[in-house]
>>> print(open('run_33.pdb').read())   # PDB, C-alpha atoms
ATOM      1  CA  MET C   1       0.000   0.000   0.000  1.00  0.00           C
ATOM      2  CA  ASP C   2       1.208   3.459  -0.850  1.00  0.00           C
ATOM      3  CA  GLU C   3       1.943   5.391   2.325  1.00  0.00           C
ATOM      4  CA  HIS C   4       2.358   8.752   0.581  1.00  0.00           C
ATOM      5  CA  SER C   5      -0.484  10.905  -0.598  1.00  0.00           C
ATOM      6  CA  GLU C   6      -0.315  13.195  -3.604  1.00  0.00           C
ATOM      7  CA  ASN C   7       0.724  16.239  -1.616  1.00  0.00           C
ATOM      8  CA  GLY C   8       3.718  14.334  -0.286  1.00  0.00           C
ATOM      9  CA  LYS C   9       2.599  14.062   3.342  1.00  0.00           C
ATOM     10  CA  GLY C  10       3.126  10.679   4.909  1.00  0.00           C
ATOM     11  CA  ARG C  11      -0.144   8.980   5.670  1.00  0.00           C
ATOM     12  CA  GLY C  12      -0.906   5.834   7.634  1.00  0.00           C
ATOM     13  CA  ALA C  13      -2.981   2.880   6.559  1.00  0.00           C
ATOM     14  CA  ARG C  14      -6.329   4.533   7.441  1.00  0.00           C
ATOM     15  CA  GLY C  15      -5.562   7.941   5.978  1.00  0.00           C
ATOM     16  CA  GLU C  16      -4.391   9.733   9.137  1.00  0.00           C
ATOM     17  CA  LYS C  17      -1.226  11.767   9.207  1.00  0.00           C
ATOM     18  CA  LYS C  18       1.709   9.456   9.929  1.00  0.00           C
ATOM     19  CA  HIS C  19       3.167   9.709  13.402  1.00  0.00           C
ATOM     20  CA  THR C  20       6.437  11.666  13.275  1.00  0.00           C
ATOM     21  CA  PRO C  21       7.770  12.066  16.793  1.00  0.00           C
ATOM     22  CA  GLY C  22       9.594  15.263  17.688  1.00  0.00           C
ATOM     23  CA  ARG C  23       8.177  17.393  14.881  1.00  0.00           C
ATOM     24  CA  GLY C  24       6.502  20.686  15.499  1.00  0.00           C
ATOM     25  CA  HIS C  25       8.610  21.580  18.523  1.00  0.00           C
ATOM     26  CA  THR C  26      11.605  23.871  18.669  1.00  0.00           C
ATOM     27  CA  ARG C  27      14.605  21.943  19.779  1.00  0.00           C
ATOM     28  CA  LYS C  28      16.176  23.052  22.987  1.00  0.00           C
ATOM     29  CA  SER C  29      19.510  23.798  21.282  1.00  0.00           C
ATOM     30  CA  TRP C  30      18.070  25.799  18.372  1.00  0.00           C
ATOM     31  CA  PRO C  31      17.862  29.321  19.899  1.00  0.00           C
ATOM     32  CA  ALA C  32      21.489  29.073  21.000  1.00  0.00           C
ATOM     33  CA  LYS C  33      22.490  27.802  17.573  1.00  0.00           C
ATOM     34  CA  LEU C  34      20.623  30.622  15.830  1.00  0.00           C
ATOM     35  CA  LYS C  35      22.387  33.185  18.002  1.00  0.00           C
ATOM     36  CA  ARG C  36      25.738  31.570  17.169  1.00  0.00           C
ATOM     37  CA  PHE C  37      25.018  31.625  13.423  1.00  0.00           C
ATOM     38  CA  GLN C  38      23.895  35.246  13.538  1.00  0.00           C
ATOM     39  CA  LYS C  39      27.015  36.210  15.462  1.00  0.00           C
ATOM     40  CA  LYS C  40      29.253  34.451  12.941  1.00  0.00           C
ATOM     41  CA  ALA C  41      27.461  36.028   9.973  1.00  0.00           C
ATOM     42  CA  ARG C  42      27.771  39.486  11.554  1.00  0.00           C
ATOM     43  CA  ARG C  43      31.485  38.951  12.198  1.00  0.00           C
ATOM     44  CA  GLN C  44      32.097  37.824   8.593  1.00  0.00           C
ATOM     45  CA  GLN C  45      30.170  40.808   7.253  1.00  0.00           C
ATOM     46  CA  GLU C  46      32.175  43.217   9.408  1.00  0.00           C
ATOM     47  CA  GLU C  47      35.455  41.633   8.321  1.00  0.00           C
ATOM     48  CA  ALA C  48      34.508  41.909   4.643  1.00  0.00           C
ATOM     49  CA  GLU C  49      33.532  45.548   5.105  1.00  0.00           C
ATOM     50  CA  ALA C  50      36.770  46.356   6.927  1.00  0.00           C
ATOM     51  CA  ASP C  51      38.750  44.651   4.160  1.00  0.00           C
ATOM     52  CA  LEU C  52      36.925  46.641   1.491  1.00  0.00           C
ATOM     53  CA  ARG C  53      37.502  49.865   3.402  1.00  0.00           C
ATOM     54  CA  ARG C  54      41.213  49.023   3.617  1.00  0.00           C
ATOM     55  CA  GLN C  55      41.337  48.358  -0.150  1.00  0.00           C
ATOM     56  CA  TRP C  56      39.797  51.761  -0.855  1.00  0.00           C
ATOM     57  CA  ASP C  57      42.107  53.513   1.626  1.00  0.00           C
ATOM     58  CA  ASP C  58      45.154  51.912  -0.051  1.00  0.00           C
ATOM     59  CA  TRP C  59      43.859  52.983  -3.459  1.00  0.00           C
ATOM     60  CA  ASP C  60      43.162  56.564  -2.325  1.00  0.00           C
ATOM     61  CA  ARG C  61      46.686  56.885  -0.941  1.00  0.00           C
ATOM     62  CA  LEU C  62      48.263  56.070  -4.327  1.00  0.00           C
ATOM     63  CA  PRO C  63      49.442  59.018  -6.440  1.00  0.00           C
ATOM     64  CA  LEU C  64      47.337  59.697  -9.530  1.00  0.00           C
ATOM     65  CA  GLU C  65      50.027  58.503 -11.932  1.00  0.00           C
ATOM     66  CA  VAL C  66      50.387  55.201 -10.071  1.00  0.00           C
ATOM     67  CA  GLN C  67      46.595  54.797 -10.207  1.00  0.00           C
ATOM     68  CA  ARG C  68      46.781  55.194 -13.989  1.00  0.00           C
ATOM     69  CA  LEU C  69      49.623  52.667 -14.247  1.00  0.00           C
ATOM     70  CA  ARG C  70      47.924  50.113 -12.007  1.00  0.00           C
ATOM     71  CA  PRO C  71      44.137  50.287 -12.440  1.00  0.00           C
ATOM     72  CA  GLU C  72      43.825  46.630 -11.417  1.00  0.00           C
ATOM     73  CA  LEU C  73      44.640  47.616  -7.812  1.00  0.00           C
ATOM     74  CA  LYS C  74      41.356  49.483  -7.496  1.00  0.00           C
ATOM     75  CA  ALA C  75      38.949  47.830  -5.058  1.00  0.00           C
ATOM     76  CA  ARG C  76      36.619  45.413  -6.789  1.00  0.00           C
ATOM     77  CA  SER C  77      33.456  46.412  -4.962  1.00  0.00           C
ATOM     78  CA  THR C  78      31.840  49.805  -4.591  1.00  0.00           C
ATOM     79  CA  ARG C  79      33.061  52.099  -1.860  1.00  0.00           C
ATOM     80  CA  PRO C  80      31.374  51.294   1.497  1.00  0.00           C
ATOM     81  CA  THR C  81      29.400  54.060   3.172  1.00  0.00           C
ATOM     82  CA  TYR C  82      31.110  55.542   6.192  1.00  0.00           C
ATOM     83  CA  GLU C  83      28.779  55.644   9.167  1.00  0.00           C
ATOM     84  CA  ASP C  84      29.449  56.893  12.675  1.00  0.00           C
TER      85      ASP C  84
ATOM     86  CA  MET O   1      52.582  16.078 -13.675  1.00  0.00           C
ATOM     87  CA  LYS O   2      50.602  18.440 -15.866  1.00  0.00           C
ATOM     88  CA  THR O   3      49.142  21.457 -14.179  1.00  0.00           C
ATOM     89  CA  LYS O   4      45.451  22.145 -14.684  1.00  0.00           C
ATOM     90  CA  ALA O   5      44.129  25.085 -16.649  1.00  0.00           C
ATOM     91  CA  PRO O   6      42.841  28.002 -14.552  1.00  0.00           C
ATOM     92  CA  PRO O   7      39.204  27.306 -13.605  1.00  0.00           C
ATOM     93  CA  VAL O   8      36.506  28.697 -15.888  1.00  0.00           C
ATOM     94  CA  ARG O   9      34.857  31.877 -14.649  1.00  0.00           C
ATOM     95  CA  ARG O  10      31.822  33.658 -16.011  1.00  0.00           C
ATOM     96  CA  GLN O  11      31.321  36.414 -13.481  1.00  0.00           C
ATOM     97  CA  PHE O  12      33.743  39.255 -12.898  1.00  0.00           C
ATOM     98  CA  ALA O  13      33.870  42.153 -10.483  1.00  0.00           C
ATOM     99  CA  ASN O  14      35.085  44.576 -13.167  1.00  0.00           C
ATOM    100  CA  ALA O  15      36.931  44.735 -16.496  1.00  0.00           C
ATOM    101  CA  TRP O  16      40.383  44.389 -14.883  1.00  0.00           C
ATOM    102  CA  ASP O  17      39.261  41.310 -12.997  1.00  0.00           C
ATOM    103  CA  GLU O  18      38.292  39.758 -16.337  1.00  0.00           C
ATOM    104  CA  ILE O  19      41.545  40.946 -17.977  1.00  0.00           C
ATOM    105  CA  ASN O  20      43.540  39.243 -15.206  1.00  0.00           C
ATOM    106  CA  TYR O  21      41.575  36.031 -15.730  1.00  0.00           C
ATOM    107  CA  LEU O  22      42.106  36.092 -19.514  1.00  0.00           C
ATOM    108  CA  ARG O  23      45.806  36.840 -19.045  1.00  0.00           C
ATOM    109  CA  ASP O  24      46.180  33.732 -16.846  1.00  0.00           C
ATOM    110  CA  LYS O  25      44.374  31.653 -19.479  1.00  0.00           C
ATOM    111  CA  VAL O  26      46.616  32.936 -22.291  1.00  0.00           C
ATOM    112  CA  LEU O  27      49.763  32.408 -20.203  1.00  0.00           C
ATOM    113  CA  PHE O  28      48.711  28.841 -19.438  1.00  0.00           C
ATOM    114  CA  TRP O  29      48.007  27.823 -23.038  1.00  0.00           C
ATOM    115  CA  LEU O  30      50.849  29.814 -24.581  1.00  0.00           C
ATOM    116  CA  TYR O  31      53.742  29.103 -22.211  1.00  0.00           C
ATOM    117  CA  GLN O  32      52.795  26.081 -20.084  1.00  0.00           C
ATOM    118  CA  ARG O  33      51.052  23.919 -22.658  1.00  0.00           C
ATOM    119  CA  GLU O  34      52.572  25.611 -25.743  1.00  0.00           C
ATOM    120  CA  LYS O  35      49.300  25.416 -27.665  1.00  0.00           C
ATOM    121  CA  PRO O  36      48.748  28.908 -29.109  1.00  0.00           C
ATOM    122  CA  GLU O  37      45.587  27.780 -30.935  1.00  0.00           C
ATOM    123  CA  LYS O  38      43.965  27.157 -27.542  1.00  0.00           C
ATOM    124  CA  ALA O  39      45.052  30.593 -26.321  1.00  0.00           C
ATOM    125  CA  LEU O  40      43.576  32.321 -29.373  1.00  0.00           C
ATOM    126  CA  PRO O  41      39.939  32.779 -28.196  1.00  0.00           C
ATOM    127  CA  PHE O  42      41.147  34.224 -24.897  1.00  0.00           C
ATOM    128  CA  ALA O  43      43.597  36.524 -26.700  1.00  0.00           C
ATOM    129  CA  LYS O  44      40.803  37.868 -28.904  1.00  0.00           C
ATOM    130  CA  ARG O  45      38.581  38.533 -25.899  1.00  0.00           C
ATOM    131  CA  LEU O  46      41.536  40.221 -24.226  1.00  0.00           C
ATOM    132  CA  GLN O  47      42.098  42.569 -27.154  1.00  0.00           C
ATOM    133  CA  GLN O  48      38.443  43.577 -27.273  1.00  0.00           C
ATOM    134  CA  LEU O  49      38.327  44.215 -23.558  1.00  0.00           C
ATOM    135  CA  LEU O  50      41.565  46.206 -23.535  1.00  0.00           C
ATOM    136  CA  GLY O  51      40.225  48.464 -26.256  1.00  0.00           C
ATOM    137  CA  ARG O  52      37.532  49.568 -23.817  1.00  0.00           C
ATOM    138  CA  ALA O  53      39.239  49.333 -20.406  1.00  0.00           C
ATOM    139  CA  ASP O  54      42.640  50.755 -21.384  1.00  0.00           C
ATOM    140  CA  ALA O  55      41.912  52.860 -24.450  1.00  0.00           C
ATOM    141  CA  LYS O  56      44.724  55.322 -23.664  1.00  0.00           C
ATOM    142  CA  GLN O  57      47.246  52.483 -23.151  1.00  0.00           C
ATOM    143  CA  GLU O  58      48.381  53.794 -19.784  1.00  0.00           C
ATOM    144  CA  ALA O  59      48.240  50.596 -17.725  1.00  0.00           C
ATOM    145  CA  ILE O  60      51.219  48.270 -17.263  1.00  0.00           C
ATOM    146  CA  LEU O  61      48.966  45.211 -17.232  1.00  0.00           C
ATOM    147  CA  GLY O  62      47.314  46.460 -20.419  1.00  0.00           C
ATOM    148  CA  GLN O  63      50.655  46.561 -22.228  1.00  0.00           C
ATOM    149  CA  GLU O  64      51.563  43.088 -21.005  1.00  0.00           C
ATOM    150  CA  CYS O  65      48.241  41.689 -22.178  1.00  0.00           C
ATOM    151  CA  ARG O  66      48.543  43.386 -25.573  1.00  0.00           C
ATOM    152  CA  SER O  67      51.974  41.838 -25.991  1.00  0.00           C
ATOM    153  CA  LEU O  68      50.626  38.388 -25.073  1.00  0.00           C
ATOM    154  CA  ALA O  69      47.684  38.768 -27.452  1.00  0.00           C
ATOM    155  CA  PHE O  70      49.948  39.740 -30.364  1.00  0.00           C
ATOM    156  CA  GLU O  71      52.346  36.919 -29.520  1.00  0.00           C
ATOM    157  CA  THR O  72      49.436  34.471 -29.637  1.00  0.00           C
ATOM    158  CA  VAL O  73      48.401  35.577 -33.117  1.00  0.00           C
ATOM    159  CA  GLY O  74      52.030  35.471 -34.253  1.00  0.00           C
ATOM    160  CA  ASN O  75      52.599  39.216 -34.679  1.00  0.00           C
ATOM    161  CA  LEU O  76      55.980  39.314 -32.972  1.00  0.00           C
ATOM    162  CA  ALA O  77      56.867  42.874 -34.020  1.00  0.00           C
ATOM    163  CA  LYS O  78      53.796  44.194 -32.171  1.00  0.00           C
ATOM    164  CA  ALA O  79      54.420  41.831 -29.254  1.00  0.00           C
ATOM    165  CA  ILE O  80      57.940  43.273 -28.891  1.00  0.00           C
ATOM    166  CA  GLU O  81      56.626  46.847 -29.088  1.00  0.00           C
ATOM    167  CA  HIS O  82      54.133  46.302 -26.261  1.00  0.00           C
ATOM    168  CA  ARG O  83      56.549  44.280 -24.106  1.00  0.00           C
ATOM    169  CA  GLN O  84      59.035  47.147 -24.416  1.00  0.00           C
ATOM    170  CA  LYS O  85      56.306  49.641 -23.440  1.00  0.00           C
ATOM    171  CA  GLU O  86      55.440  47.470 -20.447  1.00  0.00           C
ATOM    172  CA  ILE O  87      59.087  47.499 -19.319  1.00  0.00           C
ATOM    173  CA  ASP O  88      59.260  51.290 -19.717  1.00  0.00           C
ATOM    174  CA  LEU O  89      56.099  51.700 -17.629  1.00  0.00           C
ATOM    175  CA  ILE O  90      57.432  49.363 -14.903  1.00  0.00           C
ATOM    176  CA  ARG O  91      60.606  51.474 -14.746  1.00  0.00           C
ATOM    177  CA  ARG O  92      58.478  54.623 -14.472  1.00  0.00           C
ATOM    178  CA  LEU O  93      56.419  53.024 -11.675  1.00  0.00           C
ATOM    179  CA  GLN O  94      59.579  52.087  -9.772  1.00  0.00           C
ATOM    180  CA  GLU O  95      60.938  55.604 -10.237  1.00  0.00           C
ATOM    181  CA  ILE O  96      57.853  57.437  -8.963  1.00  0.00           C
ATOM    182  CA  SER O  97      57.107  54.986  -6.149  1.00  0.00           C
ATOM    183  CA  HIS O  98      60.615  54.835  -4.704  1.00  0.00           C
ATOM    184  CA  GLY O  99      60.693  56.165  -1.142  1.00  0.00           C
ATOM    185  CA  THR O 100      56.957  56.897  -0.956  1.00  0.00           C
ATOM    186  CA  PRO O 101      54.742  55.526   1.869  1.00  0.00           C
ATOM    187  CA  SER O 102      52.827  53.422  -0.652  1.00  0.00           C
ATOM    188  CA  GLU O 103      55.985  51.980  -2.295  1.00  0.00           C
ATOM    189  CA  HIS O 104      55.413  48.417  -1.102  1.00  0.00           C
ATOM    190  CA  TYR O 105      51.779  48.385  -2.220  1.00  0.00           C
ATOM    191  CA  ALA O 106      52.396  50.129  -5.549  1.00  0.00           C
ATOM    192  CA  LEU O 107      55.284  47.835  -6.517  1.00  0.00           C
ATOM    193  CA  LYS O 108      53.554  44.579  -5.608  1.00  0.00           C
ATOM    194  CA  GLY O 109      54.240  42.331  -8.611  1.00  0.00           C
ATOM    195  CA  TYR O 110      56.628  44.813 -10.231  1.00  0.00           C
ATOM    196  CA  GLU O 111      59.785  44.384  -8.208  1.00  0.00           C
ATOM    197  CA  PRO O 112      63.277  44.068  -9.750  1.00  0.00           C
ATOM    198  CA  SER O 113      62.906  40.271 -10.135  1.00  0.00           C
ATOM    199  CA  ASP O 114      59.664  40.836 -12.082  1.00  0.00           C
ATOM    200  CA  LEU O 115      61.357  43.415 -14.293  1.00  0.00           C
ATOM    201  CA  SER O 116      64.136  40.900 -14.968  1.00  0.00           C
ATOM    202  CA  ASP O 117      61.515  38.299 -15.987  1.00  0.00           C
ATOM    203  CA  ARG O 118      59.983  40.782 -18.437  1.00  0.00           C
ATOM    204  CA  LEU O 119      63.414  41.504 -19.929  1.00  0.00           C
ATOM    205  CA  ASP O 120      63.981  37.754 -20.393  1.00  0.00           C
ATOM    206  CA  LEU O 121      60.611  37.456 -22.153  1.00  0.00           C
ATOM    207  CA  LEU O 122      61.499  40.397 -24.389  1.00  0.00           C
ATOM    208  CA  ALA O 123      64.789  38.688 -25.250  1.00  0.00           C
ATOM    209  CA  VAL O 124      62.936  35.532 -26.322  1.00  0.00           C
ATOM    210  CA  LEU O 125      60.647  37.627 -28.536  1.00  0.00           C
ATOM    211  CA  TYR O 126      63.666  39.345 -30.130  1.00  0.00           C
ATOM    212  CA  ARG O 127      65.299  35.994 -30.799  1.00  0.00           C
ATOM    213  CA  ASP O 128      62.131  34.500 -32.307  1.00  0.00           C
ATOM    214  CA  HIS O 129      61.853  37.601 -34.479  1.00  0.00           C
ATOM    215  CA  GLY O 130      65.373  36.994 -35.811  1.00  0.00           C
ATOM    216  CA  GLU O 131      67.079  39.762 -33.816  1.00  0.00           C
ATOM    217  CA  LEU O 132      69.621  37.681 -31.931  1.00  0.00           C
ATOM    218  CA  GLU O 133      71.986  40.522 -31.048  1.00  0.00           C
ATOM    219  CA  LYS O 134      69.184  42.537 -29.478  1.00  0.00           C
ATOM    220  CA  ALA O 135      68.113  39.416 -27.575  1.00  0.00           C
ATOM    221  CA  ILE O 136      71.621  39.005 -26.153  1.00  0.00           C
ATOM    222  CA  ALA O 137      71.849  42.698 -25.229  1.00  0.00           C
ATOM    223  CA  THR O 138      68.481  42.462 -23.435  1.00  0.00           C
ATOM    224  CA  LEU O 139      69.569  39.382 -21.492  1.00  0.00           C
ATOM    225  CA  ARG O 140      72.788  41.150 -20.468  1.00  0.00           C
ATOM    226  CA  GLU O 141      70.674  44.078 -19.272  1.00  0.00           C
ATOM    227  CA  SER O 142      68.592  41.638 -17.241  1.00  0.00           C
ATOM    228  CA  ARG O 143      71.743  40.083 -15.743  1.00  0.00           C
ATOM    229  CA  THR O 144      73.101  43.503 -14.741  1.00  0.00           C
ATOM    230  CA  LEU O 145      69.779  44.336 -13.083  1.00  0.00           C
ATOM    231  CA  CYS O 146      69.912  41.093 -11.102  1.00  0.00           C
ATOM    232  CA  GLU O 147      73.507  41.744 -10.028  1.00  0.00           C
ATOM    233  CA  GLU O 148      72.604  45.253  -8.878  1.00  0.00           C
ATOM    234  CA  HIS O 149      69.786  43.954  -6.691  1.00  0.00           C
ATOM    235  CA  GLY O 150      71.486  40.747  -5.538  1.00  0.00           C
ATOM    236  CA  ILE O 151      68.904  38.451  -7.087  1.00  0.00           C
ATOM    237  CA  GLU O 152      69.285  35.276  -9.093  1.00  0.00           C
ATOM    238  CA  PHE O 153      69.477  35.684 -12.876  1.00  0.00           C
ATOM    239  CA  ASP O 154      67.044  33.182 -14.457  1.00  0.00           C
ATOM    240  CA  GLY O 155      68.146  33.758 -18.046  1.00  0.00           C
ATOM    241  CA  ALA O 156      71.689  32.382 -17.712  1.00  0.00           C
ATOM    242  CA  ASP O 157      70.961  29.245 -19.792  1.00  0.00           C
ATOM    243  CA  LEU O 158      69.165  31.305 -22.397  1.00  0.00           C
ATOM    244  CA  LEU O 159      72.080  33.730 -22.681  1.00  0.00           C
ATOM    245  CA  SER O 160      74.633  30.965 -23.129  1.00  0.00           C
ATOM    246  CA  ASP O 161      72.411  29.269 -25.776  1.00  0.00           C
ATOM    247  CA  TYR O 162      72.040  32.532 -27.687  1.00  0.00           C
ATOM    248  CA  LEU O 163      75.784  33.219 -27.548  1.00  0.00           C
ATOM    249  CA  ILE O 164      76.462  29.743 -28.988  1.00  0.00           C
ATOM    250  CA  GLU O 165      73.853  30.414 -31.672  1.00  0.00           C
ATOM    251  CA  LEU O 166      75.468  33.740 -32.535  1.00  0.00           C
ATOM    252  CA  ARG O 167      78.922  32.152 -32.785  1.00  0.00           C
ATOM    253  CA  ALA O 168      77.532  29.408 -35.033  1.00  0.00           C
ATOM    254  CA  MET O 169      76.091  32.042 -37.326  1.00  0.00           C
ATOM    255  CA  GLY O 170      79.595  33.476 -37.691  1.00  0.00           C
TER     256      GLY O 170
END
>>> encode(input="run_33.pdb", output="structure tokens")
Amino acid sequence: MDEHSENGKGRGARGEKKHTPGRGHTRKSWPAKLKRFQKKARRQQEEAEADLRRQWDDWDRLPLEVQRLRPELKARSTRPTYED
Amino acid sequence: MKTKAPPVRRQFANAWDEINYLRDKVLFWLYQREKPEKALPFAKRLQQLLGRADAKQEAILGQECRSLAFETVGNLAKAIEHRQKEIDLIRRLQEISHGTPSEHYALKGYEPSDLSDRLDLLAVLYRDHGELEKAIATLRESRTLCEEHGIEFDGADLLSDYLIELRAMG
């Protein structure tokens, strides 16, 4: 007998929803995990921004003639906005 | 063991990012694998892109890429012209960057050893174009540069081969 209905939900022999223990509840570890992921993402974003800012600072410090000789040194992303 | 070709890329941050990618592709097929026919499509793309990104021919990388593109299509006279321009621009960069706070950053990739490499490449182009004496003079220039900066001269074998060739020609 086919245990799966058309919409993909597992169904038992008499048509009820199949028993899937543990579903529908937030795991105890999840909020902590979420916080950890958010923290890591924020850190990576800040690092990337700092790196981009450094690239632009290096570029701005170069004399105009050097900038013309070495255009490939220009930062590859647009200048980040400076906020207080 | 054969080295692999640089991975294919289809997205680029800007024109110079793409130029760098195409340069690596041309270098791989032209010098590592010695199959200029494989380098040809990349060389053509390079020429088109350079026409837009470096229309005034001011960039060192632009001159290098033009030289590589002409070398790929077999136009050695043009390849020599652009390699020579590249060397002149590197010398200018070294001159104006010397002693400035941004010297280290500005000269990244264009230090004396890199200039010596470019001179060796120019010598090979001269030789392939049938100008052996100019090739030898260029290699001697490269050797002097290496001696001045206390770095190893990579073209020693090339120089001795060319000198033998010159003697054989009488």
>>> residues_around(input="run_33.pdb", residues="C:Trp59", least_positions_apart="6", cutoff="8 Å", atoms="all atoms listed in the file", output="PyMOL selection string")
chain C and resi 67+73-75
>>> interface_residues(input="run_33.pdb", of="chain O", to="chain C", cutoff="8 Å", atoms="all atoms listed in the file", output="list in words")
Ala13, Asn14, Trp16, Asp17, Glu58, Ala59, Ile60, Leu61, Leu89, Leu93, Ile96, Ser97, Ser102, Tyr105 and Ala106 of chain O
>>> atom_distance(input="run_33.pdb", atom1="atom CA of O:Glu18", atom2="atom CA of O:Glu86")
19.2 Å
>>> resolve_selection(input="run_33.pdb", expression="the PyMOL selection byres ((chain O and resi 25) around 10)", output="ChimeraX atom specification")
/O:5-8,19-24,26-30,38-43
>>> closest_residue(input="run_33.pdb", among="C:Arg42, C:Lys17, C:Arg79, C:His25", to="C:Asp60", atoms="only C-alpha atoms")
C:Arg79
>>> closest_residue(input="run_33.pdb", among="C:Lys33, C:Pro80, C:Gly24, C:Lys39", to="C:Arg54", atoms="only C-alpha atoms")
C:Pro80
>>> closest_residue(input="run_33.pdb", among="O:Glu81, O:Glu148, O:Glu103, O:Asp157", to="O:Leu122", atoms="only C-alpha atoms")
O:Glu81
>>> atom_distance(input="run_33.pdb", atom1="atom CA of O:His82", atom2="atom CA of O:Leu119")
12.2 Å
>>> closest_residue(input="run_33.pdb", among="O:His129, O:Arg140, O:Glu111, O:Gln32", to="O:Asn75", atoms="only C-alpha atoms")
O:His129
>>> resolve_selection(input="run_33.pdb", expression="the PyMOL selection byres ((chain O and resi 162) around 9)", output="list in words")
Arg127, Leu132, Glu133, Ala135, Ile136, Asp157, Leu158, Leu159, Ser160, Asp161, Leu163, Ile164, Glu165, Leu166 and Arg167 of chain O
